[in-house]
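Novice: My structure is in target-v1.cif, and what it holds is mmCIF, C-alpha atoms:
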data_target
loop_
_atom_site.label_atom_id
_atom_site.label_comp_id
_atom_site.auth_asym_id
_atom_site.auth_seq_id
_atom_site.Cartn_x
_atom_site.Cartn_y
_atom_site.Cartn_z
CA MET A 1 -18.46 13.79 14.85
CA GLU A 2 -21.94 12.83 16.06
CA GLN A 3 -23.18 16.24 14.88
CA GLN A 4 -21.81 15.51 11.43
CA GLY A 5 -23.81 12.28 11.13
CA ILE A 6 -20.83 10.03 11.89
CA SER A 7 -20.80 7.63 14.82
CA LEU A 8 -17.62 5.95 16.02
CA GLY A 9 -19.63 3.24 17.73
CA GLN A 10 -18.04 3.92 21.12
CA PRO A 11 -16.27 6.80 22.91
CA ILE A 12 -12.76 7.22 21.57
CA GLU A 13 -10.12 9.20 23.45
CA ALA A 14 -7.63 11.37 21.55
CA GLU A 15 -4.82 9.01 22.57
CA ALA A 16 -6.55 6.22 20.63
CA PHE A 17 -5.85 7.98 17.33
CA LYS A 18 -2.68 7.82 15.31
CA CYS A 19 -2.13 10.57 12.80
CA GLU A 20 0.12 11.09 9.79
CA VAL A 21 0.64 14.62 8.53
CA ASP A 22 2.70 15.99 5.67
CA SER A 23 3.99 19.38 6.81
CA ASP A 24 3.77 20.65 3.23
CA THR A 25 -0.01 20.20 3.20
CA TYR A 26 -0.75 20.76 6.89
CA PRO A 27 -3.48 20.61 8.28
CA ALA A 28 -4.29 17.90 5.73
CA CYS A 29 -3.84 14.60 7.51
CA TRP A 30 -4.80 10.96 7.81
CA MET A 31 -6.12 9.55 11.08
CA CYS A 32 -6.95 6.06 12.30
CA ALA A 33 -8.58 5.05 15.60
CA THR A 34 -7.57 1.90 17.46
CA ASN A 35 -10.97 0.36 16.72
CA GLY A 36 -10.47 0.63 12.96
CA PHE A 37 -12.20 3.90 12.02
CA LYS A 38 -10.24 5.91 9.44
CA PHE A 39 -10.44 9.53 8.35
CA THR A 40 -8.62 11.87 6.01
CA PHE A 41 -8.86 15.65 6.15
CA ASN A 42 -8.10 17.97 3.25
CA TYR A 43 -5.87 21.03 3.02
CA TRP A 44 -8.61 23.13 4.62
CA GLY A 45 -9.03 20.80 7.58
CA LYS A 46 -12.41 19.57 6.29
CA LEU A 47 -13.37 15.89 6.41
CA GLN A 48 -12.51 14.29 3.06
CA ASP A 49 -12.80 10.51 3.53
CA TYR A 50 -14.40 8.32 6.18
CA TYR A 51 -14.03 4.54 6.44
CA PRO A 52 -15.50 2.54 9.36
CA PRO A 53 -14.22 -1.03 9.89
CA ASP A 54 -17.61 -2.50 8.90
CA ASN A 55 -17.74 -0.87 5.45
CA TRP A 56 -18.99 -3.60 3.12
CA PHE A 57 -17.70 -1.76 0.04
CA ASP A 58 -14.11 -1.99 1.32
CA LYS A 59 -14.19 -5.77 1.70
CA SER A 60 -12.70 -8.23 -0.77
CA LYS A 61 -14.96 -10.15 -3.16
CA GLU A 62 -14.87 -13.21 -0.94
CA GLU A 63 -15.54 -11.24 2.27
CA LYS A 64 -18.54 -9.51 0.68
CA LYS A 65 -20.22 -12.91 0.29
CA ASP A 66 -20.15 -13.51 4.05
CA SER A 67 -23.69 -14.09 5.35
CA LYS A 68 -23.04 -11.73 8.28
CA TYR A 69 -23.46 -8.84 5.84
CA LEU A 70 -26.93 -9.95 4.77
CA GLY A 71 -29.92 -7.85 5.79
CA GLU A 72 -33.03 -6.11 4.53
CA ASN A 73 -33.31 -3.01 2.36
CA ARG A 74 -35.50 -0.56 4.31
CA MET A 75 -35.07 2.52 2.14
CA THR A 76 -36.49 3.66 -1.18
CA SER A 77 -34.30 5.24 -3.87
CA LYS A 78 -35.74 8.64 -2.97
CA GLU A 79 -34.92 8.17 0.71
CA ILE A 80 -31.40 7.00 -0.14
CA GLU A 81 -30.69 10.06 -2.29
CA SER A 82 -32.21 12.36 0.34
CA PHE A 83 -30.04 10.75 3.05
CA ALA A 84 -26.91 11.32 0.95
CA ARG A 85 -27.80 14.93 0.11
CA ASP A 86 -28.58 15.72 3.76
CA PHE A 87 -25.26 14.28 4.87
CA LEU A 88 -23.28 16.32 2.32
CA LYS A 89 -25.16 19.45 3.37
CA GLN A 90 -24.19 18.71 6.97
CA GLN A 91 -20.58 18.71 5.84
CA GLY A 92 -21.04 22.11 4.22
CA TYR A 93 -21.56 21.04 0.62
CA GLY A 94 -24.94 22.60 -0.03
CA GLU A 95 -26.83 24.07 -2.97
CA SER A 96 -23.99 26.40 -4.03
CA PHE A 97 -21.88 23.42 -5.16
CA ALA A 98 -22.06 22.17 -8.76
CA TYR A 99 -22.91 18.56 -7.85
CA TYR A 100 -26.10 19.59 -6.07
CA LYS A 101 -28.12 20.23 -9.23
CA THR A 102 -27.18 16.92 -10.86
CA LYS A 103 -28.71 13.48 -10.45
CA PRO A 104 -26.52 10.92 -8.65
CA THR A 105 -25.99 7.30 -9.64
CA LEU A 106 -26.95 4.57 -7.18
CA GLU A 107 -25.19 1.22 -6.87
CA GLY A 108 -26.91 -1.42 -4.74
CA PRO A 109 -28.47 -2.97 -2.79
CA LEU A 110 -27.24 -6.36 -4.04
CA LYS A 111 -29.82 -9.16 -4.22
CA THR A 112 -28.51 -12.72 -4.36
CA GLU A 113 -29.81 -16.24 -3.83
CA LYS A 114 -28.48 -16.07 -0.27
CA GLY A 115 -30.40 -12.86 0.41
CA THR A 116 -29.91 -9.10 0.21
CA TYR A 117 -26.75 -7.17 0.93
CA PRO A 118 -28.36 -3.85 1.92
CA TYR A 119 -25.62 -1.44 0.93
CA VAL A 120 -25.86 1.45 -1.52
CA GLU A 121 -23.26 3.85 -2.85
CA VAL A 122 -24.57 7.23 -4.01
CA GLU A 123 -22.17 8.97 -6.41
CA TRP A 124 -21.90 12.39 -7.97
CA ASN A 125 -19.03 12.22 -10.46
CA SER A 126 -18.45 14.98 -13.00
CA ASN A 127 -16.08 12.76 -14.96
CA PRO A 128 -17.11 9.08 -14.65
CA GLY A 129 -14.19 6.69 -14.69
CA ASN A 130 -11.78 9.35 -13.39
CA LEU A 131 -11.53 9.84 -9.63
CA LEU A 132 -8.50 12.15 -9.78
CA CYS A 133 -10.47 15.38 -10.30
CA SER A 134 -7.63 16.64 -12.49
CA LYS A 135 -9.59 19.45 -14.15
CA THR A 136 -10.67 22.64 -12.38
CA ASN A 137 -14.36 21.80 -12.69
CA ASP A 138 -14.04 18.10 -11.76
CA TYR A 139 -15.75 16.95 -8.57
CA TYR A 140 -16.44 13.63 -6.90
CA PHE A 141 -18.79 12.90 -4.00
CA SER A 142 -19.63 9.44 -2.71
CA VAL A 143 -21.91 8.50 0.19
CA GLN A 144 -22.16 4.84 1.21
CA ILE A 145 -25.19 3.74 3.21
CA ASP A 146 -26.37 0.69 5.13
CA THR A 147 -30.03 0.72 4.07
CA ASP A 148 -31.00 -1.84 6.72
CA LYS A 149 -29.72 0.18 9.68
CA LYS A 150 -30.12 3.46 7.76
CA LYS A 151 -26.65 4.66 8.65
CA LEU A 152 -23.59 6.06 6.93
CA ILE A 153 -20.79 3.53 6.33
CA GLY A 154 -18.39 5.61 4.23
CA CYS A 155 -17.90 8.78 2.23
CA ARG A 156 -15.53 10.62 -0.10
CA MET A 157 -15.86 14.36 -0.71
CA TYR A 158 -13.79 16.07 -3.41
CA PRO A 159 -15.24 19.43 -4.51
CA SER A 160 -13.94 21.03 -7.71
CA ALA A 161 -11.41 23.86 -7.75
CA VAL A 162 -14.18 26.08 -9.14
CA ASP A 163 -16.45 25.16 -6.22
CA ILE A 164 -13.68 25.94 -3.73
CA ALA A 165 -13.15 29.36 -5.32
CA ASN A 166 -16.89 30.11 -5.33
CA ASN A 167 -17.25 28.99 -1.68
CA TYR A 168 -13.93 30.23 -0.37
CA ALA A 169 -15.41 31.65 2.85
CA PHE A 170 -16.63 28.16 3.82
CA PHE A 171 -13.21 26.58 3.40
CA VAL A 172 -11.25 29.19 5.36
CA GLN A 173 -13.70 29.53 8.25
CA ASP A 174 -12.91 28.04 11.64
CA PRO A 175 -9.33 27.02 10.87
CA VAL A 176 -8.25 23.83 12.58
CA GLN A 177 -6.28 24.43 15.77
CA VAL A 178 -3.84 21.65 16.63
CA LYS A 179 -1.76 21.94 19.81
CA VAL A 180 0.86 19.43 18.72
CA LYS A 181 2.55 20.29 15.45
CA PRO A 182 3.46 17.42 13.12
CA MET A 183 7.06 16.33 12.64
CA PRO A 184 8.33 17.84 9.38
CA TYR A 185 9.03 15.32 6.63
CA GLN A 186 12.76 16.07 6.58
CA ASP A 187 13.00 15.52 10.34
CA ARG A 188 11.27 12.16 9.93
CA LEU A 189 13.77 11.23 7.23
CA LYS A 190 16.67 12.15 9.55
CA GLN A 191 15.13 10.01 12.27
CA VAL A 192 15.02 6.96 9.98
CA TYR A 193 18.00 7.52 7.66
CA GLY A 194 20.46 9.52 9.79
CA LYS A 195 23.08 11.49 7.81
CA ARG A 196 21.90 9.95 4.55
CA ALA A 197 18.71 12.05 4.82
CA GLU A 198 20.72 15.03 3.50
CA VAL A 199 20.92 13.52 0.00
CA LEU A 200 17.58 11.71 -0.20
CA ASP A 201 15.23 12.72 -3.02
CA LYS A 202 18.12 14.54 -4.71
CA LEU A 203 19.95 13.35 -7.81
CA ILE A 204 23.24 11.81 -6.66
CA HIS A 205 26.54 11.27 -8.44
CA ILE A 206 27.31 7.54 -8.61
CA ASP A 207 31.07 7.18 -8.98
CA THR A 208 33.15 4.00 -8.98
CA VAL A 209 33.78 4.06 -5.22
CA TYR A 210 30.09 4.41 -4.34
CA SER A 211 29.09 1.83 -6.95
CA ASN A 212 31.56 -0.71 -5.59
CA VAL A 213 30.47 -0.14 -1.98
CA MET A 214 26.80 -0.55 -2.91
CA THR A 215 27.45 -3.69 -4.97
CA SER A 216 29.41 -5.25 -2.10
CA PHE A 217 26.59 -4.32 0.28
CA TYR A 218 23.98 -5.95 -1.99
CA ILE A 219 26.04 -9.14 -2.34
CA ALA A 220 26.61 -9.44 1.43
CA ARG A 221 22.91 -8.96 2.17
CA ALA A 222 21.93 -11.46 -0.56
CA LYS A 223 24.29 -14.14 0.76
CA GLU A 224 22.93 -13.64 4.27
CA CYS A 225 19.37 -14.01 2.96
CA ILE A 226 20.16 -17.30 1.19
CA ASP A 227 21.70 -18.66 4.39
CA ASN A 228 18.67 -17.69 6.51
CA VAL A 229 15.75 -18.73 4.29
CA ASP A 230 15.02 -22.26 3.03
CA PHE A 231 15.16 -21.44 -0.68
CA ILE A 232 15.04 -24.14 -3.31
CA VAL A 233 18.64 -24.22 -4.53
CA PRO A 234 18.92 -26.40 -7.62
CA GLU A 235 22.17 -24.65 -8.36
CA THR A 236 24.33 -22.33 -6.32
CA ALA A 237 23.74 -18.60 -6.59
CA ASP A 238 27.07 -17.59 -8.10
CA PHE A 239 27.86 -13.98 -7.14
CA LYS A 240 30.94 -14.00 -9.34
CA GLU A 241 28.62 -14.06 -12.36
CA ILE A 242 26.66 -10.80 -12.02
CA ALA A 243 24.39 -9.89 -14.93
CA SER A 244 23.37 -6.42 -13.76
CA VAL A 245 23.31 -4.04 -10.80
CA TYR A 246 20.87 -1.15 -10.35
CA ILE A 247 21.50 1.59 -7.76
CA ASP A 248 18.89 4.21 -6.88
CA LYS A 249 19.82 7.65 -8.18
CA LYS A 250 17.92 9.54 -5.45
CA GLY A 251 20.21 8.64 -2.57
CA TYR A 252 18.29 5.73 -1.06
CA LEU A 253 19.71 2.22 -0.64
CA LEU A 254 17.07 1.04 -3.09
CA GLY A 255 18.39 -1.19 -5.85
CA SER A 256 18.69 -4.66 -7.29
CA ILE A 257 21.22 -7.24 -8.38
CA ALA A 258 20.69 -10.00 -10.95
CA LEU A 259 22.90 -13.05 -11.48
CA LYS A 260 23.50 -14.75 -14.81
CA ASN A 261 22.00 -18.04 -13.58
CA GLY A 262 18.58 -16.50 -12.93
CA TRP A 263 18.78 -15.45 -9.28
CA GLY A 264 17.58 -11.92 -8.54
CA PHE A 265 17.57 -9.76 -5.39
CA ARG A 266 15.68 -6.50 -4.88
CA PHE A 267 16.36 -4.01 -2.07
CA ASP A 268 14.02 -1.45 -0.49
CA ARG A 269 14.83 2.17 0.35
CA LYS A 270 16.31 1.25 3.75
CA GLY A 271 18.55 -1.41 2.26
CA TYR A 272 16.56 -4.46 3.33
CA ILE A 273 15.88 -7.17 0.76
CA ASP A 274 12.23 -6.98 -0.30
CA GLY A 275 12.30 -9.46 -3.14
CA VAL A 276 14.11 -12.64 -4.16
CA CYS A 277 13.45 -14.72 -7.27
CA THR A 278 15.08 -17.98 -8.28
CA PRO A 279 15.41 -19.74 -11.65
CA TYR A 280 12.47 -21.92 -10.59
CA ASP A 281 9.94 -19.15 -9.91
CA PHE A 282 6.77 -20.85 -11.20
CA PHE A 283 4.43 -17.87 -10.66
CA GLY A 284 6.95 -15.35 -11.96
CA GLY A 285 6.54 -16.60 -15.49
CA ASN A 286 10.15 -17.74 -15.75
CA THR A 287 10.50 -18.94 -19.33
CA ALA A 288 14.16 -19.90 -19.04
CA ASN A 289 13.17 -23.45 -18.16
CA GLU A 290 11.09 -26.03 -20.00
CA ILE A 291 7.68 -26.81 -18.52
CA GLU A 292 8.89 -30.26 -17.45
CA VAL A 293 11.05 -28.61 -14.80
CA PHE A 294 7.90 -27.63 -12.89
CA TYR A 295 6.27 -31.09 -12.86
CA GLY A 296 5.86 -32.77 -9.49
CA THR A 297 3.51 -33.92 -6.74
CA ASN A 298 2.15 -31.80 -3.89
CA GLN A 299 3.32 -33.08 -0.49
CA MET A 300 1.79 -30.43 1.79
CA THR A 301 -1.58 -29.55 3.32
CA THR A 302 -2.95 -26.01 3.21
CA ASN A 303 -2.05 -25.45 6.88
CA GLU A 304 1.50 -26.66 6.27
CA ILE A 305 1.86 -24.34 3.29
CA VAL A 306 0.67 -21.29 5.23
CA LYS A 307 2.87 -22.16 8.21
CA LEU A 308 5.96 -22.54 6.00
CA ALA A 309 5.19 -19.20 4.32
CA GLU A 310 4.86 -17.50 7.73
CA GLU A 311 8.10 -19.05 8.99
CA SER A 312 9.91 -18.06 5.81
CA LEU A 313 8.77 -14.44 6.15
CA LYS A 314 10.03 -14.39 9.73
CA LYS A 315 13.45 -15.64 8.61
CA PHE A 316 13.28 -13.02 5.86
CA GLY A 317 12.86 -10.32 8.53
CA TYR A 318 9.09 -9.85 8.80
CA ASP A 319 7.09 -11.18 11.75
CA LEU A 320 3.45 -11.15 10.63
CA GLN A 321 2.28 -10.50 14.20
CA ASN A 322 3.84 -7.04 13.97
CA TYR A 323 1.94 -6.14 10.81
CA THR A 324 -1.36 -7.96 10.30
CA ASN A 325 -4.64 -6.68 11.74
CA SER A 326 -8.39 -7.03 11.22
CA THR A 327 -8.20 -5.32 7.81
CA THR A 328 -5.49 -7.59 6.41
CA THR A 329 -6.57 -9.71 3.46
CA PHE A 330 -5.21 -13.20 2.85
CA SER A 331 -5.17 -15.16 -0.39
CA MET A 332 -3.62 -18.36 -1.69
CA GLU A 333 -3.22 -19.81 -5.16
CA GLY A 334 -2.24 -23.42 -5.84
CA PRO A 335 -0.98 -26.08 -5.57
CA PHE A 336 -2.53 -27.36 -8.79
CA VAL A 337 -4.15 -30.74 -9.38
CA PRO A 338 -2.57 -32.95 -12.07
CA LYS A 339 -3.57 -32.17 -15.64
CA ASN A 340 -3.23 -34.18 -18.82
CA ILE A 341 -0.28 -32.77 -20.77
CA SER A 342 0.91 -34.51 -23.94
CA GLY A 343 -0.87 -37.72 -22.98
CA ASP A 344 0.41 -37.84 -19.40
CA GLU A 345 -0.94 -36.39 -16.17
CA HIS A 346 1.31 -33.91 -14.43
CA GLY A 347 0.86 -31.84 -11.32
CA PHE A 348 2.42 -28.49 -10.51
CA PRO A 349 3.37 -28.47 -6.80
CA TYR A 350 3.56 -24.70 -6.35
CA ALA A 351 1.59 -22.40 -4.05
CA SER A 352 1.54 -18.60 -3.76
CA VAL A 353 0.55 -17.20 -0.34
CA ARG A 354 -0.17 -13.48 0.13
CA TRP A 355 -1.02 -11.06 2.94
CA HIS A 356 -2.01 -7.50 2.00
CA CYS A 357 -3.17 -4.43 3.91
CA TRP A 358 -3.64 -0.73 3.17
CA ASP A 359 -3.35 0.49 6.77
CA PRO A 360 -0.58 0.18 7.64
CA TYR A 361 0.44 -0.48 4.06
CA PHE A 362 2.26 -3.74 3.43
CA SER A 363 2.23 -6.65 1.02
CA PHE A 364 3.88 -10.03 1.61
CA LYS A 365 3.94 -12.80 -0.99
CA VAL A 366 5.70 -16.16 -0.63
CA ASP A 367 5.83 -18.70 -3.47
CA LEU A 368 6.62 -22.28 -2.51
CA ASN A 369 7.48 -25.59 -4.10
CA THR A 370 5.15 -27.88 -2.13
CA GLU A 371 6.93 -31.06 -3.19
CA LYS A 372 10.37 -30.01 -1.97
CA LYS A 373 8.86 -27.82 0.78
CA ALA A 374 11.03 -24.86 -0.10
CA VAL A 375 10.71 -21.20 -1.10
CA VAL A 376 11.08 -20.24 -4.76
CA SER A 377 10.23 -16.54 -4.48
CA ILE A 378 9.50 -13.86 -1.87
CA GLU A 379 8.14 -10.38 -2.49
CA THR A 380 7.53 -7.84 0.27
CA SER A 381 6.59 -4.18 0.36
CA VAL A 382 6.40 -1.98 3.47
CA TYR A 383 6.14 1.81 3.64
CA ASP A 384 9.57 2.91 4.84
CA LEU A 385 8.27 5.68 7.15
CA SER A 386 5.40 3.62 8.57
CA GLU A 387 5.08 3.51 12.36
CA SER A 388 4.67 -0.26 12.12
CA ASP A 389 8.12 -0.64 10.56
CA LYS A 390 10.61 0.17 13.31
CA ARG A 391 13.69 -1.02 11.40
CA PRO A 392 16.35 1.68 10.92
CA ALA A 393 17.99 2.17 7.57
CA PHE A 394 21.32 0.44 7.02
CA GLU A 395 24.57 2.37 7.30
CA ILE A 396 27.15 1.56 4.62
CA GLY A 397 29.82 4.08 5.67
CA VAL A 398 29.62 6.16 2.49
CA ILE A 399 27.28 9.09 1.83
CA PRO A 400 27.03 9.84 -1.90
CA GLU A 401 27.66 13.30 -3.28
CA THR A 402 24.72 15.04 -4.88
CA GLU A 403 25.05 15.61 -8.61
CA ALA A 404 24.72 19.36 -8.04
CA ALA A 405 27.55 19.33 -5.47
CA TYR A 406 29.67 17.18 -7.78
CA GLN A 407 29.20 19.53 -10.75
CA ALA A 408 29.97 22.54 -8.55
CA ARG A 409 33.14 20.88 -7.25
CA VAL A 410 34.30 19.94 -10.75
CA GLN A 411 33.69 23.48 -11.97
CA LYS A 412 35.60 24.91 -9.02
CA GLU A 413 38.53 22.58 -9.72
CA LYS A 414 38.57 23.64 -13.40
CA GLU A 415 38.62 27.30 -12.44
CA ALA A 416 41.44 26.64 -9.97
CA VAL A 417 43.52 25.01 -12.73
CA LYS A 418 42.96 27.99 -15.04
CA ASN A 419 44.12 30.42 -12.37
#
Rewrite the structure from the file as structure tokens, please.
Specialist:
Amino acid sequence: MEQQGISLGQPIEAEAFKCEVDSDTYPACWMCATNGFKFTFNYWGKLQDYYPPDNWFDKSKEEKKDSKYLGENRMTSKEIESFARDFLKQQGYGESFAYYKTKPTLEGPLKTEKGTYPYVEVEWNSNPGNLLCSKTNDYYFSVQIDTDKKKLIGCRMYPSAVDIANNYAFFVQDPVQVKVKPMPYQDRLKQVYGKRAEVLDKLIHIDTVYSNVMTSFYIARAKECIDNVDFIVPETADFKEIASVYIDKKGYLLGSIALKNGWGFRFDRKGYIDGVCTPYDFFGGNTANEIEVFYGTNQMTTNEIVKLAEESLKKFGYDLQNYTNSTTTFSMEGPFVPKNISGDEHGFPYASVRWHCWDPYFSFKVDLNTEKKAVVSIETSVYDLSESDKRPAFEIGVIPETEAAYQARVQKEKEAVKN
């Protein structure tokens, strides 16, 4: 990596990397070192993306304002472009590639009243505004530079299909040799979902028996959730009054159940609840209630709000210590100071607390009533095959029949009757 102009900051042993590979696109893979450095490699085994933990461009708006990122710009525009071109040439993207003859755009450094944030992104984009490179001649190259320390802090390299064809020898040379082969996707599904893996990602036949079993499963899980978490319960969640039930048609336990009195429960692919809303979901835009219902007075400090949100997530099944890391972003909205409404001042004692991360991917959001010190809504999202999520999929005792198998069976039965 040092020869390619990339420094990991310290020696990293192979065991310090975790790797995710899709067997269909092998040797394309994603890698992350224990000290936060991330890489992706394309179908040809060539470096595609590089993200060090100190990449200013990857930080949130608030984090970017941190004075620790201030510095001095020590490079001219010509030196910046030359640095970027030299780096791409080191990676093998030289004069024979279409981008090389075009002028890049430069973003940064950013000058503020606090000082200079010495970071520049050099971009070659054949189709500005579109990073998908959907057309055969689309390309996208980005080189991010710390112009104070004159070092690379990130890159993205997506040559066009035309460039790949014209430089085919470069892409197929020195094929990557990996001693340990990745676990095929289907094997990973079997490891997490057991027998159910046989019908996943296939259209299933939802008959009355399967529908009833799934609905009973959803109701049982929802009741358990209400008992475990301190939800605001202005009225009982009546499971005898079901408004709708949705069951995933691709064989997962994914689905949702909505009650007529406004309660709603959403389930992830493993069958765990990943979302609950109540009739008093202030941030959810619930228009079933008049605005007066949301009036009140905040009775909690910021620390108390965050602590209650963390405790609620733990009761919900997610211990933040098992997920959050140095790249996790935190945000909080509310509670809101009293405002004059129709001649009277009214406060809205609601707060929304959120933790979000891309690696490993997760998103946790807890909405609270800070007067009654109770939860009004929880939303979570975790990648079901992530190494950080060790929870096995639920077993409900019934494996659905695929639609193809059902149609074949029906046809066979019809033929048997005819004969």
Novice: Could you check the closest approach to Tyr383 of chain A for each of A:Ser363, A:Gln91, A:Asn322, A:Thr76 and tell me which residue wins, using all atoms listed in the file?
Specialist: A:Ser363
Novice: Here's the selection I'm unsure about, the PyMOL selection byres ((chain A and resi 281) around 10); applied to the file above, which residues does it give, as number ranges by chain?
Specialist: A: 232, 262-263, 276-280, 282-287, 289, 294, 350, 367-369, 375-378
Novice: Do a neighbour search on segment 390-393 of chain A at 7 Å with all atoms listed in the file, toss out local chain neighbours closer than 5 positions, and write the hits as a list in words.
Specialist: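 Once the adjacent positions are removed, what remains is Val192, Tyr193, Lys270 and Gly271 of chain A.
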Novice: Here's the selection I'm unsure about, the PyMOL selection byres ((chain A and resi 226) around 12); applied to the file above, which residues does it give, as a ChimeraX atom specification?
Specialist: /A:219-225,227-233,236-239,263-265,273,275-278,312,315-316,374-378
Novice: Can you list what the PyMOL selection byres ((chain A and resi 73) around 6) grabs from this structure, as a ChimeraX atom specification?
Specialist: /A:72,74-75,118,147-148
Novice: Write out as a list in words the residues lying within 12 Å of Glu198 of chain A, counting all atoms listed in the file and excluding same-chain residues fewer than 5 positions away.
Specialist: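 Within the cut-off, the hits are Gln186, Asp187, Arg188, Leu189, Lys190, Gln191, Val192, Tyr193, Leu203, Ile204, Lys250, Gly251, Tyr252, Ile399, Pro400, Glu401 and Thr402 of chain A.
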Novice: In Å, with one decimal, what is the gap from atom CA of Pro52 of chain A to atom CA of Asn125 of chain A?
Specialist: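 Distance between the two atoms: 22.3 Å.
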Novice: Which is closer to Phe364 of chain A than all the others in A:Glu395, A:Glu310, A:Asp384, A:Glu113, using all atoms listed in the file?
Specialist: A:Glu310
Novice: Identify which of the residues A:Tyr119, A:Tyr99, A:Tyr168, A:Tyr69 lies closest to Asp138 of chain A, counting all atoms listed in the file when measuring atom-to-atom distances.
Specialist: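 Of the candidates, the smallest distance to Asp138 of chain A is held by A:Tyr99.
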Novice: Please determine, counting only C-alpha atoms, which residue among A:Tyr185, A:Arg196, A:Thr328, A:Asp319 has the shortest atom-to-atom distance to Asp58 of chain A.
Specialist: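 Nearest candidate to Asp58 of chain A out of A:Tyr185, A:Arg196, A:Thr328, A:Asp319: A:Thr328.
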Novice: Interatomic distance between atom CA of Asp146 of chain A and atom CA of Glu123 of chain A?
Specialist: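 Between atom CA of Asp146 of chain A and atom CA of Glu123 of chain A the gap works out to 14.8 Å.
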Novice: List the neighbours of segment 88-90 of chain A out to 12 Å using only C-alpha atoms; skip same-chain residues closer than 4 positions along the sequence, and give me the result as a PyMOL selection string.
Specialist: chain A and resi 1-6+46-48+81-84+94-97+99-100+122-124+140-144+152+154-159
Novice: Could you work out how far atom CA of Leu253 of chain A lies from atom CA of Trp355 of chain A, giving the answer in Å with one decimal?
Specialist: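 A separation of 24.9 Å between them.
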Novice: Would you please work out which residue, of A:Val382, A:Ala408, A:Ile305, A:Val209, is nearest to His356 of chain A when using all atoms listed in the file?
Specialist: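 Using all atoms listed in the file, the shortest distance to His356 of chain A belongs to A:Val382.
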Novice: Let me make sure I understand: among A:Tyr295, A:Tyr218, A:Phe330, A:Trp44, which one has the smallest atom-to-atom distance to Asp268 of chain A if we use only C-alpha atoms?
Specialist: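 Counting only C-alpha atoms, the residue closest to Asp268 of chain A is A:Tyr218.
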Novice: For a cutoff of 7 Å around the file-coordinate point (12.3, -6.3, -1.0), which residues qualify once you count all atoms listed in the file? I'd like the result as a list in words.
Specialist: Arg266, Phe267, Asp268, Tyr272, Ile273, Asp274, Gly275, Glu379, Thr380 and Ser381 of chain A
Novice: Extending 6 Å beyond the listed atoms of segment 216-223 of chain A on each side, what axis-aligned box results? I want centre and edge lengths in Å to one decimal, as AutoDock Vina command-line options.
Specialist:
--center_x 25.7 --center_y -9.2 --center_z -0.1 --size_x 19.5 --size_y 21.8 --size_z 16.5
Novice: Residues near His205 of chain A, anyone? I mean within 9 Å using all atoms listed in the file, not counting same-chain ones fewer than 3 positions away, as a PyMOL selection string.
Specialist: chain A and resi 210+249+400-407
Novice: Could you save those same residues with C-alpha atoms as a JSON list (two decimals), in the coordinates of the input?
Specialist:
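The result, written out as part.json:
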[["chain", "number", "residue", "atom", "x", "y", "z"],
["A", 210, "TYR", "CA", 30.09, 4.41, -4.34],
["A", 249, "LYS", "CA", 19.82, 7.65, -8.18],
["A", 400, "PRO", "CA", 27.03, 9.84, -1.90],
["A", 401, "GLU", "CA", 27.66, 13.30, -3.28],
["A", 402, "THR", "CA", 24.72, 15.04, -4.88],
["A", 403, "GLU", "CA", 25.05, 15.61, -8.61],
["A", 404, "ALA", "CA", 24.72, 19.36, -8.04],
["A", 405, "ALA", "CA", 27.55, 19.33, -5.47],
["A", 406, "TYR", "CA", 29.67, 17.18, -7.78],
["A", 407, "GLN", "CA", 29.20, 19.53, -10.75]]
